[in-house]
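Student: Structure file model-v7.cif, mmCIF, C-alpha atoms, is pasted below:
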```cif
data_final
loop_
_atom_site.label_atom_id
_atom_site.label_comp_id
_atom_site.auth_asym_id
_atom_site.auth_seq_id
_atom_site.Cartn_x
_atom_site.Cartn_y
_atom_site.Cartn_z
CA MET A 214 142.78 154.67 36.20
CA ASN A 215 143.51 151.12 37.33
CA LYS A 216 141.57 150.00 40.38
CA ILE A 217 143.89 149.48 43.35
CA ASN A 218 143.49 146.32 45.43
CA TYR A 219 144.02 147.68 48.94
CA GLN A 220 143.33 144.29 50.49
CA LYS A 221 146.18 142.80 48.48
CA GLN A 222 148.48 145.56 49.74
CA LEU A 223 147.44 144.82 53.32
CA ASP A 224 148.02 141.10 52.80
CA GLN A 225 151.55 141.84 51.61
CA ILE A 226 152.35 143.94 54.70
CA ILE A 227 150.91 141.29 57.02
CA SER A 228 152.92 138.55 55.31
CA GLU A 229 156.14 140.36 56.29
CA ILE A 230 155.29 140.70 60.01
CA PRO A 231 157.32 138.35 62.24
CA PRO A 232 155.21 135.57 63.80
CA GLN A 233 156.42 136.28 67.35
CA LYS A 234 153.77 138.09 69.37
CA GLU A 235 156.31 140.38 71.00
CA ALA A 236 157.50 141.51 67.56
CA ARG A 237 154.12 142.84 66.45
CA PRO A 238 154.21 146.43 65.13
CA SER A 239 151.98 149.04 66.73
CA LEU A 240 148.83 150.29 65.01
CA PHE A 241 146.88 153.44 65.83
CA LEU A 242 143.37 152.51 64.64
CA HIS A 243 140.64 155.10 64.23
CA SER A 244 137.30 153.59 65.23
CA CYS A 245 134.02 154.99 63.92
CA CYS A 246 131.92 152.57 66.02
CA ALA A 247 131.96 149.18 67.73
CA PRO A 248 130.19 147.20 64.95
CA CYS A 249 132.68 148.33 62.30
CA SER A 250 135.57 147.72 64.69
CA SER A 251 134.47 144.20 65.63
CA TYR A 252 135.77 142.47 62.52
CA VAL A 253 138.79 144.74 62.16
CA LEU A 254 139.94 143.89 65.68
CA GLU A 255 139.31 140.18 65.19
CA TYR A 256 141.36 140.35 62.01
CA LEU A 257 144.26 142.59 63.03
CA THR A 258 144.98 141.73 66.67
CA LYS A 259 146.87 138.68 65.42
CA PHE A 260 149.37 140.94 63.68
CA PHE A 261 149.45 144.30 65.51
CA LYS A 262 149.47 145.78 68.98
CA ILE A 263 146.49 148.10 68.61
CA THR A 264 145.43 151.41 70.09
CA ILE A 265 141.80 152.17 69.34
CA PHE A 266 141.39 155.90 68.79
CA PHE A 267 137.76 156.94 69.14
CA PHE A 268 137.54 160.35 67.50
CA ASN A 269 134.19 161.23 65.97
CA PRO A 270 133.13 164.89 66.25
CA ASN A 271 130.77 164.20 63.36
CA ILE A 272 128.35 162.57 65.82
CA THR A 273 126.04 165.50 66.40
CA GLU A 274 124.13 164.41 69.51
CA GLU A 275 126.16 163.91 72.67
CA ARG A 276 123.85 161.15 73.91
CA GLU A 277 124.48 159.21 70.70
CA TYR A 278 128.21 159.87 70.99
CA ARG A 279 128.35 158.56 74.56
CA LYS A 280 126.38 155.46 73.60
CA ARG A 281 128.78 154.61 70.79
CA THR A 282 131.82 155.28 72.97
CA GLY A 283 130.45 152.94 75.63
CA GLU A 284 129.79 150.21 73.08
CA MET A 285 133.38 150.42 71.85
CA LYS A 286 134.74 149.99 75.36
CA ARG A 287 132.33 147.13 76.03
CA LEU A 288 133.40 145.30 72.88
CA ILE A 289 137.09 145.46 73.86
CA HIS A 290 136.22 144.02 77.29
CA GLU A 291 133.68 141.37 76.29
CA ALA A 292 135.69 140.12 73.31
CA GLY A 293 138.73 139.68 75.55
CA TYR A 294 141.00 142.14 73.74
CA GLU A 295 142.21 144.02 76.78
CA ASP A 296 145.73 142.51 76.65
CA ASP A 297 146.14 143.42 72.98
CA VAL A 298 144.07 146.59 72.55
CA SER A 299 144.17 149.89 74.42
CA PHE A 300 141.52 152.59 74.15
CA VAL A 301 142.12 156.31 73.65
CA GLU A 302 139.24 158.76 73.34
CA GLY A 303 139.82 161.89 71.31
CA GLU A 304 138.29 165.23 72.19
CA TYR A 305 134.61 165.58 71.35
CA HIS A 306 133.84 168.95 69.78
CA PRO A 307 130.95 168.71 67.27
CA GLU A 308 131.53 172.36 66.39
CA ASP A 309 134.72 171.28 64.63
CA PHE A 310 132.70 169.08 62.32
CA PHE A 311 130.22 171.87 61.56
CA ALA A 312 133.07 174.27 60.82
CA MET A 313 134.47 171.71 58.39
CA ALA A 314 131.06 171.20 56.77
CA LYS A 315 130.30 174.92 56.36
CA GLY A 316 129.13 175.60 52.82
CA MET A 317 128.56 171.87 52.17
CA GLU A 318 125.42 171.40 54.24
CA ASP A 319 123.22 170.72 51.20
CA LEU A 320 125.52 168.24 49.50
CA PRO A 321 124.24 164.66 49.25
CA GLU A 322 125.55 161.82 51.39
CA ARG A 323 128.72 160.16 50.03
CA GLY A 324 129.77 163.43 48.41
CA MET A 325 132.57 165.88 49.21
CA ARG A 326 131.26 166.65 52.70
CA CYS A 327 131.90 163.00 53.55
CA TYR A 328 135.35 163.17 51.97
CA HIS A 329 136.30 166.04 54.25
CA CYS A 330 134.76 164.24 57.23
CA TYR A 331 137.01 161.23 56.54
CA ARG A 332 139.95 163.58 56.39
CA LEU A 333 139.05 165.39 59.61
CA ARG A 334 139.01 162.16 61.57
CA MET A 335 141.95 160.55 59.85
CA GLU A 336 144.19 163.60 60.25
CA GLU A 337 143.66 163.65 64.00
CA THR A 338 144.41 159.93 64.03
CA ALA A 339 147.65 160.39 62.09
CA ARG A 340 148.68 163.29 64.33
CA ASN A 341 148.14 161.24 67.48
CA ALA A 342 149.80 158.21 65.93
CA ALA A 343 152.90 160.32 65.36
CA LEU A 344 152.84 161.54 68.97
CA ALA A 345 152.52 157.93 70.16
CA LYS A 346 155.37 156.85 67.84
CA ALA A 347 153.12 154.18 66.33
CA ASP A 348 154.37 152.14 63.39
CA TYR A 349 151.11 152.45 61.44
CA PHE A 350 147.76 154.21 61.47
CA THR A 351 144.49 153.46 59.68
CA THR A 352 140.71 153.62 60.13
CA THR A 353 137.84 151.17 60.33
CA LEU A 354 135.80 153.31 57.92
CA SER A 355 136.54 151.20 54.84
CA ILE A 356 134.54 148.26 56.19
CA SER A 357 131.31 150.06 55.31
CA PRO A 358 129.87 149.52 51.82
CA HIS A 359 128.73 153.15 52.06
CA LYS A 360 132.29 154.52 52.41
CA ASN A 361 134.69 155.22 49.56
CA ALA A 362 137.79 153.06 50.13
CA ARG A 363 139.79 154.87 47.43
CA TRP A 364 139.25 158.23 49.12
CA ILE A 365 140.13 156.76 52.51
CA ASN A 366 143.39 155.26 51.29
CA GLU A 367 144.40 158.32 49.27
CA ILE A 368 143.87 160.51 52.34
CA GLY A 369 145.84 158.02 54.42
CA GLU A 370 148.83 158.08 52.08
CA GLU A 371 148.86 161.88 52.01
CA LEU A 372 148.73 162.07 55.81
CA ALA A 373 151.49 159.46 56.11
CA LEU A 374 153.82 161.83 54.30
CA LYS A 375 152.70 164.77 56.41
CA TYR A 376 153.06 163.12 59.82
CA GLY A 377 155.77 160.53 59.19
CA VAL A 378 153.71 157.48 60.19
CA ALA A 379 153.04 154.68 57.70
CA HIS A 380 149.45 154.32 56.59
CA LEU A 381 148.08 150.78 56.69
CA PRO A 382 146.06 150.29 53.47
CA SER A 383 142.63 148.80 53.92
CA ASP A 384 139.38 147.80 52.34
CA PHE A 385 138.00 145.87 55.28
CA LYS A 386 134.72 145.03 53.56
CA LYS A 387 136.71 142.57 51.44
CA LYS A 388 137.10 138.88 52.40
CA GLY A 389 133.61 138.95 53.89
CA GLY A 390 134.59 141.58 56.43
CA TYR A 391 131.34 143.51 56.40
CA LEU A 392 129.24 140.35 56.78
CA ARG A 393 131.50 139.17 59.58
CA SER A 394 131.01 142.48 61.37
CA ILE A 395 127.25 141.90 61.29
CA ALA A 396 127.70 138.42 62.78
CA LEU A 397 129.99 139.73 65.51
CA SER A 398 127.57 142.56 66.29
CA GLU A 399 124.89 139.94 66.85
CA LYS A 400 127.23 137.82 68.97
CA TYR A 401 128.08 140.70 71.31
CA HIS A 402 124.65 142.37 71.05
CA LEU A 403 126.21 145.58 69.80
CA TYR A 404 124.17 148.66 69.08
CA ARG A 405 124.11 149.01 65.28
CA GLN A 406 123.21 152.56 64.35
CA ASP A 407 121.48 153.17 61.01
CA TYR A 408 123.19 156.48 60.19
CA CYS A 409 126.81 157.60 60.38
CA GLY A 410 126.27 160.07 63.19
CA CYS A 411 126.03 163.56 61.73
CA ILE A 412 122.81 165.54 61.51
CA PHE A 413 122.94 165.38 57.71
CA SER A 414 123.03 161.58 57.59
CA LYS A 415 120.27 161.46 60.20
CA GLN A 416 118.10 163.73 58.07
CA ALA A 417 118.75 161.50 55.03
CA ARG A 418 117.81 158.43 57.08
CA ASP A 419 114.59 160.06 58.30
CA GLU A 420 113.67 160.98 54.72
CA ARG A 421 114.19 157.37 53.62
CA HIS A 422 111.94 156.21 56.44
CA ARG A 423 109.24 158.69 55.44
CA GLU A 424 109.49 157.60 51.81
CA ASN A 425 109.18 153.92 52.80
CA THR A 426 106.15 154.75 54.93
CA ARG A 427 104.49 156.53 52.01
CA ARG A 428 105.17 153.58 49.69
CA ASN A 429 103.75 151.06 52.14
CA ARG A 430 100.47 152.87 52.73
#
```
Could you write out this structure as structure tokens?
Tutor:
Amino acid sequence: MNKINYQKQLDQIISEIPPQKEARPSLFLHSCCAPCSSYVLEYLTKFFKITIFFFNPNITEEREYRKRTGEMKRLIHEAGYEDDVSFVEGEYHPEDFFAMAKGMEDLPERGMRCYHCYRLRMEETARNAALAKADYFTTTLSISPHKNARWINEIGEELALKYGVAHLPSDFKKKGGYLRSIALSEKYHLYRQDYCGCIFSKQARDERHRENTRRNR
């Protein structure tokens, strides 16, 4: 299978967007967190009128969820995006994530449980994008070096057919995107979590910490 250059596909779409600000197409953008969104917003607000859709039932602890939601809102305000970016919060029901993950609790991180987690969040994004009559939808997930961009884009294309909204291809880690997100997180003093949000990724993180502690004794 030939490797698909999703960044090249995105570049082609952007090259065809009229330069007039009022002619920008609308983009329904799923946000997993403020740090990942920082670069994506800096990059795409020049070309799209964006609705941030914060939908993350995978975040197990409500306190953690509220903290990440607040950071996303703060980034939009402090970065001066309020004229170009609106914020929509999806419903927060962690039980939906656990129902999705049933039978996959013991699978390793980056496996099929994560695939279905991508799909859970992206499907709700596509559904809401259709209701909002957006021109495109996509997710910030591909900026992470820990996320599978091929899976994300394949899911996006499938959902585009299902909901009738074009999927914007992405591999936001390209062109230095991930490194830029780190720099922007430092600039705006964003909370950078060290696990994706679910109890399974938290357990994997805690095990790594314990292993590092044992090695350093």
Student: Considering only C-alpha atoms, can you say which of A:Lys262, A:Lys388, A:His380, A:Lys286 comes closest to Ile230 of chain A?
Tutor: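 Residue with the minimum atom-to-atom distance to Ile230 of chain A: A:Lys262.
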Student: With all atoms listed in the file as the atoms that count, which of A:Leu257, A:Ala236, A:Leu374, A:Leu333 lies nearest to Ala314 of chain A?
Tutor: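 So, comparing all the options, the nearest one is A:Leu333.
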Student: Restrict the calculation to all atoms listed in the file, then for each residue of segment 232-320 of chain A with any atom at most 10 Å from an atom of segment 336-354 of chain A give the closest atom pair and their distance in Å to one decimal, rows by chain and rising residue number, as a tab-separated table.
Tutor:
```
residue	atom	partner	partner_atom	distance
A:Arg237	CA	A:Asp348	CA	9.8
A:Pro238	CA	A:Asp348	CA	6.0
A:Ser239	CA	A:Asp348	CA	5.1
A:Leu240	CA	A:Tyr349	CA	4.8
A:Phe241	CA	A:Phe350	CA	4.5
A:Leu242	CA	A:Thr351	CA	5.2
A:His243	CA	A:Thr352	CA	4.4
A:Ser244	CA	A:Thr353	CA	5.5
A:Cys245	CA	A:Leu354	CA	6.5
A:Cys246	CA	A:Thr353	CA	8.3
A:Ala247	CA	A:Thr353	CA	9.7
A:Pro248	CA	A:Thr353	CA	9.8
A:Cys249	CA	A:Thr353	CA	6.2
A:Ser250	CA	A:Thr353	CA	6.0
A:Ser251	CA	A:Thr353	CA	9.4
A:Tyr252	CA	A:Thr353	CA	9.2
A:Val253	CA	A:Thr353	CA	6.8
A:Leu254	CA	A:Thr353	CA	9.3
A:Phe261	CA	A:Tyr349	CA	9.3
A:Lys262	CA	A:Ala347	CA	9.5
A:Ile263	CA	A:Ala347	CA	9.3
A:Thr264	CA	A:Ala347	CA	9.0
A:Ile265	CA	A:Thr352	CA	9.4
A:Phe266	CA	A:Thr338	CA	6.9
A:Phe267	CA	A:Thr338	CA	8.9
A:Phe268	CA	A:Thr338	CA	7.7
A:Asn269	CA	A:Glu337	CA	10.0
A:Val301	CA	A:Asn341	CA	9.9
A:Gly303	CA	A:Glu337	CA	8.4
A:Glu304	CA	A:Glu337	CA	9.9
```
Student: With the file shown as input, list the residues that the PyMOL selection byres ((chain A and resi 322-324) around 12) selects, as a PyMOL selection string.
Tutor: chain A and resi 314+317-321+325-331+357-362+364+408-418
Student: Given all atoms listed in the file as the basis, pick out the residue of A:Leu381, A:Gly293, A:Lys259, A:Glu420 nearest to Pro231 of chain A.
Tutor: A:Lys259
Student: Could you tell me how far atom CA of Lys387 of chain A sits from atom CA of Ile356 of chain A, in Å to one decimal place?
Tutor: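 Taking atom CA of Ile356 of chain A and atom CA of Lys387 of chain A, their separation equals 7.7 Å.
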Student: Find, counting all atoms listed in the file, the residue in A:His422, A:Arg363, A:Arg405, A:Arg430 that gets nearest to Asp384 of chain A.
Tutor: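 Residue with the minimum atom-to-atom distance to Asp384 of chain A: A:Arg363.
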Student: Using the structure block above, produce a file of segment 270-386 of chain A that contains C-alpha atoms, as a PDB file, in the first residue's frame.
Tutor:
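Produced file out-v1.pdb, reproduced below:
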```pdb
ATOM      1  CA  PRO A 270     -16.174  11.434  26.621  1.00  0.00           C
ATOM      2  CA  ASN A 271     -12.944   9.434  26.762  1.00  0.00           C
ATOM      3  CA  ILE A 272     -11.724  11.745  29.544  1.00  0.00           C
ATOM      4  CA  THR A 273     -12.636   9.614  32.519  1.00  0.00           C
ATOM      5  CA  GLU A 274     -12.370  12.099  35.394  1.00  0.00           C
ATOM      6  CA  GLU A 275     -14.760  15.044  35.323  1.00  0.00           C
ATOM      7  CA  ARG A 276     -12.247  17.332  37.039  1.00  0.00           C
ATOM      8  CA  GLU A 277      -9.734  16.620  34.278  1.00  0.00           C
ATOM      9  CA  TYR A 278     -12.428  17.138  31.641  1.00  0.00           C
ATOM     10  CA  ARG A 279     -13.410  20.536  33.071  1.00  0.00           C
ATOM     11  CA  LYS A 280      -9.782  21.623  33.247  1.00  0.00           C
ATOM     12  CA  ARG A 281      -9.181  20.792  29.589  1.00  0.00           C
ATOM     13  CA  THR A 282     -12.427  22.461  28.524  1.00  0.00           C
ATOM     14  CA  GLY A 283     -11.432  25.624  30.368  1.00  0.00           C
ATOM     15  CA  GLU A 284      -7.988  25.641  28.763  1.00  0.00           C
ATOM     16  CA  MET A 285      -9.552  25.410  25.304  1.00  0.00           C
ATOM     17  CA  LYS A 286     -11.784  28.399  25.977  1.00  0.00           C
ATOM     18  CA  ARG A 287      -8.868  30.347  27.441  1.00  0.00           C
ATOM     19  CA  LEU A 288      -6.709  29.689  24.387  1.00  0.00           C
ATOM     20  CA  ILE A 289      -9.383  31.029  22.016  1.00  0.00           C
ATOM     21  CA  HIS A 290      -9.646  34.195  24.128  1.00  0.00           C
ATOM     22  CA  GLU A 291      -5.967  34.830  24.868  1.00  0.00           C
ATOM     23  CA  ALA A 292      -4.807  34.074  21.325  1.00  0.00           C
ATOM     24  CA  GLY A 293      -7.348  36.559  19.977  1.00  0.00           C
ATOM     25  CA  TYR A 294      -9.352  34.087  17.897  1.00  0.00           C
ATOM     26  CA  GLU A 295     -12.786  35.117  19.087  1.00  0.00           C
ATOM     27  CA  ASP A 296     -13.720  36.817  15.786  1.00  0.00           C
ATOM     28  CA  ASP A 297     -12.735  33.754  13.761  1.00  0.00           C
ATOM     29  CA  VAL A 298     -13.430  30.815  16.076  1.00  0.00           C
ATOM     30  CA  SER A 299     -16.584  29.816  17.928  1.00  0.00           C
ATOM     31  CA  PHE A 300     -16.733  27.187  20.658  1.00  0.00           C
ATOM     32  CA  VAL A 301     -19.277  24.379  20.969  1.00  0.00           C
ATOM     33  CA  GLU A 302     -19.107  21.854  23.797  1.00  0.00           C
ATOM     34  CA  GLY A 303     -20.490  18.406  23.138  1.00  0.00           C
ATOM     35  CA  GLU A 304     -22.255  16.351  25.772  1.00  0.00           C
ATOM     36  CA  TYR A 305     -19.991  14.761  28.354  1.00  0.00           C
ATOM     37  CA  HIS A 306     -20.996  11.171  29.085  1.00  0.00           C
ATOM     38  CA  PRO A 307     -17.962   9.011  29.982  1.00  0.00           C
ATOM     39  CA  GLU A 308     -20.251   5.987  30.086  1.00  0.00           C
ATOM     40  CA  ASP A 309     -20.479   6.202  26.298  1.00  0.00           C
ATOM     41  CA  PHE A 310     -16.731   5.728  26.050  1.00  0.00           C
ATOM     42  CA  PHE A 311     -16.793   2.743  28.414  1.00  0.00           C
ATOM     43  CA  ALA A 312     -19.624   1.159  26.431  1.00  0.00           C
ATOM     44  CA  MET A 313     -17.521   1.573  23.286  1.00  0.00           C
ATOM     45  CA  ALA A 314     -14.454   0.107  24.997  1.00  0.00           C
ATOM     46  CA  LYS A 315     -16.269  -2.931  26.437  1.00  0.00           C
ATOM     47  CA  GLY A 316     -14.297  -6.080  25.674  1.00  0.00           C
ATOM     48  CA  MET A 317     -11.197  -4.049  24.723  1.00  0.00           C
ATOM     49  CA  GLU A 318     -10.135  -2.966  28.198  1.00  0.00           C
ATOM     50  CA  ASP A 319      -6.938  -5.039  28.137  1.00  0.00           C
ATOM     51  CA  LEU A 320      -5.760  -3.985  24.691  1.00  0.00           C
ATOM     52  CA  PRO A 321      -2.557  -1.928  24.564  1.00  0.00           C
ATOM     53  CA  GLU A 322      -2.483   1.789  23.859  1.00  0.00           C
ATOM     54  CA  ARG A 323      -2.516   2.689  20.135  1.00  0.00           C
ATOM     55  CA  GLY A 324      -4.462  -0.478  19.363  1.00  0.00           C
ATOM     56  CA  MET A 325      -8.054  -1.056  18.255  1.00  0.00           C
ATOM     57  CA  ARG A 326      -9.550   0.524  21.374  1.00  0.00           C
ATOM     58  CA  CYS A 327      -7.925   3.786  20.287  1.00  0.00           C
ATOM     59  CA  TYR A 328      -9.217   3.315  16.742  1.00  0.00           C
ATOM     60  CA  HIS A 329     -12.774   3.083  18.013  1.00  0.00           C
ATOM     61  CA  CYS A 330     -12.186   6.050  20.323  1.00  0.00           C
ATOM     62  CA  TYR A 331     -11.140   8.147  17.313  1.00  0.00           C
ATOM     63  CA  ARG A 332     -14.279   7.028  15.545  1.00  0.00           C
ATOM     64  CA  LEU A 333     -16.559   7.777  18.499  1.00  0.00           C
ATOM     65  CA  ARG A 334     -15.377  11.375  18.665  1.00  0.00           C
ATOM     66  CA  MET A 335     -15.132  11.936  14.941  1.00  0.00           C
ATOM     67  CA  GLU A 336     -18.603  10.551  14.238  1.00  0.00           C
ATOM     68  CA  GLU A 337     -20.203  12.975  16.675  1.00  0.00           C
ATOM     69  CA  THR A 338     -18.185  15.750  15.038  1.00  0.00           C
ATOM     70  CA  ALA A 339     -19.367  14.782  11.557  1.00  0.00           C
ATOM     71  CA  ARG A 340     -22.964  14.511  12.744  1.00  0.00           C
ATOM     72  CA  ASN A 341     -22.874  17.984  14.278  1.00  0.00           C
ATOM     73  CA  ALA A 342     -21.044  19.387  11.265  1.00  0.00           C
ATOM     74  CA  ALA A 343     -23.914  18.182   9.092  1.00  0.00           C
ATOM     75  CA  LEU A 344     -26.468  19.786  11.413  1.00  0.00           C
ATOM     76  CA  ALA A 345     -24.498  23.052  11.282  1.00  0.00           C
ATOM     77  CA  LYS A 346     -24.255  22.817   7.474  1.00  0.00           C
ATOM     78  CA  ALA A 347     -20.470  23.165   7.696  1.00  0.00           C
ATOM     79  CA  ASP A 348     -18.377  22.845   4.558  1.00  0.00           C
ATOM     80  CA  TYR A 349     -15.767  20.595   6.201  1.00  0.00           C
ATOM     81  CA  PHE A 350     -15.047  18.692   9.384  1.00  0.00           C
ATOM     82  CA  THR A 351     -11.819  17.295  10.820  1.00  0.00           C
ATOM     83  CA  THR A 352     -10.003  16.695  14.115  1.00  0.00           C
ATOM     84  CA  THR A 353      -6.857  17.933  15.817  1.00  0.00           C
ATOM     85  CA  LEU A 354      -5.926  14.359  16.764  1.00  0.00           C
ATOM     86  CA  SER A 355      -3.430  13.877  13.937  1.00  0.00           C
ATOM     87  CA  ILE A 356      -1.026  16.428  15.413  1.00  0.00           C
ATOM     88  CA  SER A 357       0.050  13.892  18.029  1.00  0.00           C
ATOM     89  CA  PRO A 358       2.953  11.574  17.162  1.00  0.00           C
ATOM     90  CA  HIS A 359       1.083   8.966  19.225  1.00  0.00           C
ATOM     91  CA  LYS A 360      -2.002   9.004  16.966  1.00  0.00           C
ATOM     92  CA  ASN A 361      -2.413   7.066  13.735  1.00  0.00           C
ATOM     93  CA  ALA A 362      -3.025   9.612  10.952  1.00  0.00           C
ATOM     94  CA  ARG A 363      -4.008   6.930   8.431  1.00  0.00           C
ATOM     95  CA  TRP A 364      -6.760   5.630  10.714  1.00  0.00           C
ATOM     96  CA  ILE A 365      -7.969   9.166  11.403  1.00  0.00           C
ATOM     97  CA  ASN A 366      -8.221  10.056   7.729  1.00  0.00           C
ATOM     98  CA  GLU A 367      -9.806   6.755   6.722  1.00  0.00           C
ATOM     99  CA  ILE A 368     -12.471   7.218   9.392  1.00  0.00           C
ATOM    100  CA  GLY A 369     -12.982  10.796   8.231  1.00  0.00           C
ATOM    101  CA  GLU A 370     -13.546   9.784   4.621  1.00  0.00           C
ATOM    102  CA  GLU A 371     -16.031   7.087   5.634  1.00  0.00           C
ATOM    103  CA  LEU A 372     -17.968   9.534   7.815  1.00  0.00           C
ATOM    104  CA  ALA A 373     -17.961  12.141   5.045  1.00  0.00           C
ATOM    105  CA  LEU A 374     -19.940   9.737   2.889  1.00  0.00           C
ATOM    106  CA  LYS A 375     -22.294   8.901   5.740  1.00  0.00           C
ATOM    107  CA  TYR A 376     -23.099  12.467   6.802  1.00  0.00           C
ATOM    108  CA  GLY A 377     -22.619  14.410   3.572  1.00  0.00           C
ATOM    109  CA  VAL A 378     -19.936  16.786   4.881  1.00  0.00           C
ATOM    110  CA  ALA A 379     -16.482  16.893   3.297  1.00  0.00           C
ATOM    111  CA  HIS A 380     -13.661  15.621   5.466  1.00  0.00           C
ATOM    112  CA  LEU A 381     -10.597  17.869   5.604  1.00  0.00           C
ATOM    113  CA  PRO A 382      -7.542  15.580   5.360  1.00  0.00           C
ATOM    114  CA  SER A 383      -4.835  16.205   7.912  1.00  0.00           C
ATOM    115  CA  ASP A 384      -1.559  15.134   9.371  1.00  0.00           C
ATOM    116  CA  PHE A 385      -0.962  18.199  11.499  1.00  0.00           C
ATOM    117  CA  LYS A 386       2.298  16.916  12.954  1.00  0.00           C
TER     118      LYS A 386
END
```
